[in-house]
>>> print(open('query-v7.txt').read())   # compact mmCIF, N, CA and C atoms
# COMPACT_ATOMS: atom_id res chain seq x y z
N MET N 1 154.30 -99.13 227.10
CA MET N 1 155.04 -100.25 226.54
C MET N 1 155.78 -100.97 227.63
N ARG N 2 155.79 -102.30 227.54
CA ARG N 2 156.52 -103.12 228.48
C ARG N 2 157.76 -103.68 227.81
N PRO N 3 158.86 -103.82 228.55
CA PRO N 3 160.01 -104.50 227.95
C PRO N 3 159.71 -105.99 227.78
N THR N 4 160.36 -106.58 226.84
CA THR N 4 160.15 -108.00 226.57
C THR N 4 160.59 -108.83 227.76
N GLN N 5 159.77 -109.78 228.15
CA GLN N 5 160.12 -110.62 229.28
C GLN N 5 161.15 -111.66 228.86
N THR N 6 162.04 -111.98 229.79
CA THR N 6 163.06 -112.98 229.52
C THR N 6 162.42 -114.36 229.48
N LEU N 7 162.83 -115.16 228.51
CA LEU N 7 162.31 -116.51 228.41
C LEU N 7 163.02 -117.39 229.41
N LEU N 8 162.30 -117.87 230.37
CA LEU N 8 162.87 -118.75 231.37
C LEU N 8 162.62 -120.20 230.98
N GLY N 9 163.07 -121.14 231.79
CA GLY N 9 162.95 -122.55 231.47
C GLY N 9 161.53 -123.08 231.53
N GLY N 10 160.55 -122.28 231.86
CA GLY N 10 159.18 -122.77 232.00
C GLY N 10 158.53 -123.11 230.68
N GLY N 11 158.91 -122.47 229.62
CA GLY N 11 158.36 -122.78 228.31
C GLY N 11 157.03 -122.13 228.05
N GLY N 12 156.65 -121.10 228.81
CA GLY N 12 155.34 -120.48 228.62
C GLY N 12 155.17 -119.91 227.22
N GLY N 13 155.95 -118.92 226.86
CA GLY N 13 155.82 -118.32 225.54
C GLY N 13 157.05 -118.60 224.70
N ALA N 14 157.80 -119.63 225.06
CA ALA N 14 159.04 -119.94 224.36
C ALA N 14 158.74 -120.54 223.00
N PRO N 15 159.67 -120.42 222.07
CA PRO N 15 159.45 -121.01 220.74
C PRO N 15 159.38 -122.53 220.83
N LEU N 16 158.59 -123.09 219.98
CA LEU N 16 158.40 -124.52 219.98
C LEU N 16 159.38 -125.18 219.04
N GLY N 17 159.70 -126.43 219.31
CA GLY N 17 160.66 -127.15 218.50
C GLY N 17 160.04 -127.73 217.25
N LYS N 18 160.71 -128.68 216.68
CA LYS N 18 160.33 -129.26 215.39
C LYS N 18 158.96 -129.93 215.44
N HIS N 19 158.66 -130.60 216.55
CA HIS N 19 157.41 -131.34 216.64
C HIS N 19 156.43 -130.67 217.59
N ASN N 20 156.46 -129.35 217.64
CA ASN N 20 155.54 -128.57 218.46
C ASN N 20 155.71 -128.90 219.94
N HIS N 21 156.94 -129.09 220.37
CA HIS N 21 157.24 -129.46 221.74
C HIS N 21 158.39 -128.59 222.25
N PHE N 22 158.21 -127.99 223.43
CA PHE N 22 159.27 -127.15 224.01
C PHE N 22 160.40 -128.03 224.50
N LEU N 23 161.62 -127.71 224.07
CA LEU N 23 162.77 -128.56 224.40
C LEU N 23 163.31 -128.32 225.79
N GLY N 24 163.08 -127.20 226.39
CA GLY N 24 163.59 -126.91 227.72
C GLY N 24 164.79 -125.98 227.66
N GLY N 25 165.21 -125.52 228.85
CA GLY N 25 166.34 -124.60 228.92
C GLY N 25 167.66 -125.32 228.80
N TRP N 26 168.75 -124.57 228.88
CA TRP N 26 170.08 -125.15 228.77
C TRP N 26 170.30 -126.16 229.88
N GLY N 27 170.78 -127.33 229.52
CA GLY N 27 171.07 -128.37 230.48
C GLY N 27 169.85 -129.14 230.92
N ASN N 28 168.68 -128.76 230.41
CA ASN N 28 167.44 -129.43 230.81
C ASN N 28 166.59 -129.65 229.57
N PHE N 29 167.19 -130.16 228.50
CA PHE N 29 166.44 -130.38 227.28
C PHE N 29 165.43 -131.49 227.51
N GLY N 30 164.23 -131.29 227.00
CA GLY N 30 163.19 -132.29 227.16
C GLY N 30 163.47 -133.51 226.30
N GLY N 31 162.73 -134.52 226.51
CA GLY N 31 162.89 -135.74 225.74
C GLY N 31 162.97 -136.94 226.64
N MET N 32 163.10 -138.07 226.03
CA MET N 32 163.15 -139.31 226.78
C MET N 32 164.49 -139.43 227.51
N LYS N 33 164.45 -140.14 228.62
CA LYS N 33 165.67 -140.39 229.36
C LYS N 33 166.57 -141.31 228.55
N GLN N 34 167.86 -141.09 228.66
CA GLN N 34 168.82 -141.91 227.93
C GLN N 34 168.98 -143.25 228.63
N LYS N 35 169.12 -144.29 227.84
CA LYS N 35 169.33 -145.62 228.39
C LYS N 35 170.62 -146.20 227.83
N GLY N 36 171.25 -147.06 228.60
CA GLY N 36 172.43 -147.75 228.12
C GLY N 36 173.70 -146.93 228.17
N ILE N 37 173.71 -145.80 228.84
CA ILE N 37 174.91 -144.98 228.96
C ILE N 37 175.57 -145.32 230.28
N ILE N 38 176.80 -145.77 230.22
CA ILE N 38 177.53 -146.17 231.41
C ILE N 38 178.65 -145.17 231.63
N SER N 39 178.79 -144.69 232.83
CA SER N 39 179.90 -143.80 233.16
C SER N 39 180.64 -144.36 234.36
N TYR N 40 181.93 -144.23 234.34
CA TYR N 40 182.78 -144.74 235.40
C TYR N 40 183.46 -143.57 236.09
N GLY N 41 183.73 -143.70 237.35
CA GLY N 41 184.40 -142.64 238.09
C GLY N 41 185.38 -143.23 239.07
N ILE N 42 186.23 -142.37 239.57
CA ILE N 42 187.21 -142.78 240.57
C ILE N 42 187.21 -141.72 241.66
N SER N 43 187.39 -142.16 242.87
CA SER N 43 187.39 -141.27 244.01
C SER N 43 188.51 -140.25 243.88
N PRO N 44 188.28 -139.00 244.28
CA PRO N 44 189.33 -137.98 244.16
C PRO N 44 190.60 -138.32 244.95
N ASN N 45 190.45 -139.03 246.08
CA ASN N 45 191.65 -139.35 246.85
C ASN N 45 192.39 -140.56 246.28
N ARG N 46 191.86 -141.21 245.26
CA ARG N 46 192.54 -142.32 244.60
C ARG N 46 193.23 -141.87 243.31
N GLN N 47 192.99 -140.65 242.89
CA GLN N 47 193.58 -140.15 241.66
C GLN N 47 195.01 -139.69 241.92
N ASN N 48 195.84 -139.81 240.89
CA ASN N 48 197.20 -139.31 240.96
C ASN N 48 197.45 -138.50 239.69
N PRO N 49 197.05 -137.25 239.67
CA PRO N 49 197.10 -136.48 238.42
C PRO N 49 198.52 -136.18 237.93
N LEU N 50 199.51 -136.24 238.80
CA LEU N 50 200.88 -135.93 238.38
C LEU N 50 201.73 -137.19 238.20
N ALA N 51 201.08 -138.33 238.02
CA ALA N 51 201.81 -139.59 237.88
C ALA N 51 202.64 -139.56 236.59
N GLY N 52 203.95 -139.69 236.73
CA GLY N 52 204.84 -139.78 235.58
C GLY N 52 205.15 -138.48 234.88
N THR N 53 204.78 -137.35 235.42
CA THR N 53 205.00 -136.09 234.70
C THR N 53 206.48 -135.74 234.59
N ALA N 54 207.26 -135.99 235.65
CA ALA N 54 208.69 -135.66 235.58
C ALA N 54 209.39 -136.53 234.54
N HIS N 55 209.08 -137.82 234.54
CA HIS N 55 209.69 -138.74 233.56
C HIS N 55 209.27 -138.36 232.15
N ASP N 56 207.97 -138.13 231.95
CA ASP N 56 207.48 -137.79 230.61
C ASP N 56 208.00 -136.44 230.15
N ALA N 57 208.16 -135.49 231.07
CA ALA N 57 208.65 -134.17 230.67
C ALA N 57 210.08 -134.26 230.15
N VAL N 58 210.90 -135.05 230.81
CA VAL N 58 212.30 -135.16 230.38
C VAL N 58 212.39 -135.84 229.02
N PHE N 59 211.76 -137.00 228.88
CA PHE N 59 211.93 -137.76 227.65
C PHE N 59 211.13 -137.17 226.49
N ASN N 60 209.97 -136.58 226.77
CA ASN N 60 209.21 -135.95 225.69
C ASN N 60 209.93 -134.70 225.20
N THR N 61 210.53 -133.94 226.11
CA THR N 61 211.29 -132.76 225.71
C THR N 61 212.49 -133.16 224.86
N PHE N 62 213.19 -134.21 225.25
CA PHE N 62 214.33 -134.67 224.46
C PHE N 62 213.88 -135.14 223.09
N ARG N 63 212.78 -135.88 223.01
CA ARG N 63 212.27 -136.36 221.73
C ARG N 63 211.91 -135.20 220.81
N ARG N 64 211.22 -134.21 221.34
CA ARG N 64 210.81 -133.08 220.52
C ARG N 64 212.01 -132.23 220.09
N PHE N 65 212.96 -132.03 221.01
CA PHE N 65 214.15 -131.26 220.69
C PHE N 65 214.97 -131.94 219.62
N SER N 66 215.18 -133.25 219.76
CA SER N 66 216.02 -133.97 218.80
C SER N 66 215.36 -134.06 217.42
N SER N 67 214.04 -134.04 217.37
CA SER N 67 213.39 -134.10 216.06
C SER N 67 213.42 -132.76 215.34
N GLN N 68 213.59 -131.65 216.06
CA GLN N 68 213.60 -130.33 215.45
C GLN N 68 214.99 -129.72 215.34
N PHE N 69 215.99 -130.35 215.93
CA PHE N 69 217.31 -129.75 216.03
C PHE N 69 217.90 -129.43 214.66
N LEU N 70 217.79 -130.33 213.68
CA LEU N 70 218.41 -130.10 212.38
C LEU N 70 217.69 -129.05 211.54
N TYR N 71 216.51 -128.61 211.97
CA TYR N 71 215.81 -127.54 211.25
C TYR N 71 216.34 -126.17 211.62
N TRP N 72 216.68 -125.94 212.89
CA TRP N 72 217.09 -124.60 213.30
C TRP N 72 218.57 -124.47 213.62
N ALA N 73 219.28 -125.56 213.87
CA ALA N 73 220.70 -125.45 214.23
C ALA N 73 221.58 -124.92 213.10
N PRO N 74 221.44 -125.36 211.84
CA PRO N 74 222.31 -124.82 210.79
C PRO N 74 222.16 -123.31 210.60
N SER N 75 220.94 -122.81 210.66
CA SER N 75 220.77 -121.37 210.50
C SER N 75 221.33 -120.61 211.70
N LEU N 76 221.25 -121.21 212.89
CA LEU N 76 221.82 -120.57 214.07
C LEU N 76 223.34 -120.49 213.97
N VAL N 77 223.98 -121.57 213.53
CA VAL N 77 225.44 -121.60 213.37
C VAL N 77 225.87 -120.62 212.28
N ALA N 78 225.15 -120.64 211.15
CA ALA N 78 225.49 -119.72 210.05
C ALA N 78 225.33 -118.27 210.50
N GLY N 79 224.26 -117.97 211.21
CA GLY N 79 224.06 -116.61 211.72
C GLY N 79 225.15 -116.17 212.67
N TYR N 80 225.61 -117.09 213.51
CA TYR N 80 226.69 -116.76 214.45
C TYR N 80 227.97 -116.43 213.70
N TYR N 81 228.34 -117.26 212.72
CA TYR N 81 229.59 -117.01 211.98
C TYR N 81 229.50 -115.77 211.11
N ILE N 82 228.36 -115.49 210.52
CA ILE N 82 228.20 -114.27 209.73
C ILE N 82 228.31 -113.04 210.62
N MET N 83 227.67 -113.09 211.80
CA MET N 83 227.74 -111.95 212.72
C MET N 83 229.15 -111.75 213.24
N ASN N 84 229.84 -112.85 213.53
CA ASN N 84 231.21 -112.77 214.01
C ASN N 84 232.11 -112.16 212.93
N TRP N 85 231.93 -112.58 211.67
CA TRP N 85 232.71 -112.00 210.57
C TRP N 85 232.42 -110.51 210.44
N ALA N 86 231.14 -110.12 210.54
CA ALA N 86 230.77 -108.71 210.38
C ALA N 86 231.37 -107.85 211.49
N VAL N 87 231.38 -108.36 212.71
CA VAL N 87 231.95 -107.59 213.83
C VAL N 87 233.46 -107.43 213.64
N GLU N 88 234.14 -108.52 213.27
CA GLU N 88 235.59 -108.43 213.05
C GLU N 88 235.91 -107.50 211.89
N ARG N 89 235.12 -107.57 210.82
CA ARG N 89 235.34 -106.69 209.65
C ARG N 89 235.13 -105.23 210.04
N ASN N 90 234.11 -104.95 210.84
CA ASN N 90 233.84 -103.59 211.28
C ASN N 90 234.97 -103.08 212.16
N GLU N 91 235.45 -103.91 213.07
CA GLU N 91 236.56 -103.49 213.93
C GLU N 91 237.82 -103.24 213.11
N TYR N 92 238.06 -104.05 212.07
CA TYR N 92 239.24 -103.83 211.23
C TYR N 92 239.11 -102.54 210.43
N LEU N 93 237.92 -102.32 209.84
CA LEU N 93 237.75 -101.12 209.03
C LEU N 93 237.84 -99.84 209.86
N ASN N 94 237.53 -99.92 211.14
CA ASN N 94 237.62 -98.75 212.00
C ASN N 94 238.95 -98.67 212.76
N SER N 95 239.87 -99.58 212.46
CA SER N 95 241.19 -99.53 213.10
C SER N 95 242.13 -98.66 212.26
N LYS N 96 243.33 -98.44 212.79
CA LYS N 96 244.31 -97.62 212.07
C LYS N 96 244.72 -98.29 210.77
N ALA N 97 244.92 -99.62 210.79
CA ALA N 97 245.33 -100.33 209.58
C ALA N 97 244.20 -100.34 208.55
N GLY N 98 242.98 -100.49 208.98
CA GLY N 98 241.85 -100.50 208.05
C GLY N 98 241.61 -99.14 207.43
N ARG N 99 241.76 -98.08 208.19
CA ARG N 99 241.58 -96.74 207.62
C ARG N 99 242.72 -96.41 206.68
N ALA N 100 243.90 -96.92 206.96
CA ALA N 100 245.03 -96.69 206.05
C ALA N 100 244.83 -97.43 204.74
N GLU N 101 244.28 -98.64 204.82
CA GLU N 101 244.08 -99.45 203.61
C GLU N 101 242.89 -98.97 202.80
N PHE N 102 241.77 -98.66 203.46
CA PHE N 102 240.54 -98.31 202.74
C PHE N 102 240.11 -96.87 203.01
N GLY N 103 240.98 -96.01 203.47
CA GLY N 103 240.63 -94.66 203.87
C GLY N 103 240.08 -93.80 202.76
N GLY N 104 240.58 -93.90 201.56
CA GLY N 104 240.16 -93.02 200.48
C GLY N 104 239.01 -93.59 199.67
N GLN N 105 238.54 -94.80 199.97
CA GLN N 105 237.51 -95.43 199.16
C GLN N 105 236.15 -95.28 199.81
N GLU N 106 235.14 -95.23 198.97
CA GLU N 106 233.75 -95.24 199.44
C GLU N 106 233.23 -96.64 199.29
N GLU N 107 232.58 -97.15 200.30
CA GLU N 107 232.02 -98.51 200.19
C GLU N 107 230.55 -98.47 199.97
>>> encode(input="query-v7.txt", output="structure tokens")
Amino acid sequence: MRPTQTLLGGGGGAPLGKHNHFLGGWGNFGGMKQKGIISYGISPNRQNPLAGTAHDAVFNTFRRFSSQFLYWAPSLVAGYYIMNWAVERNEYLNSKAGRAEFGGQEE
């Protein structure tokens, strides 16, 4: 027994397409040449890929922050005050005055 041979771009025993024509390998599909396709390019030394990034980063960050601020700020403030109250309450309950006031009670 022989192992199956890999199908290369030659199209020898490759499967045929819709119209009994081998389409070709990846990047080399058969068919007519394309017409009317225009592509433009610019020299690599004429490109400026970082043009305006510092300016856009500052103002885009401010725009995004200001649009989301009212969604998370109230819960952050509420969480801070609740945690602050809980810490103060815990310190009071574990102080001499708190144990004297609530010493015999179960909470």
>>> atom_distance(input="query-v7.txt", atom1="CA of Tyr92 in chain N", atom2="atom N of Gly104 in chain N")
13.9 Å
>>> atom_distance(input="query-v7.txt", atom1="CA of Arg89 in chain N", atom2="CA of Leu76 in chain N")
19.9 Å
>>> axis_aligned_box(input="query-v7.txt", around="range 88-96 of chain N", padding_each_side="8 Å", output="lines of an AutoDock Vina configuration file")
center_x = 239.3
center_y = -103.1
center_z = 211.5
size_x = 26.9
size_y = 26.9
size_z = 20.9
>>> atom_distance(input="query-v7.txt", atom1="CA of Glu88 in chain N", atom2="CA of Pro74 in chain N")
21.2 Å
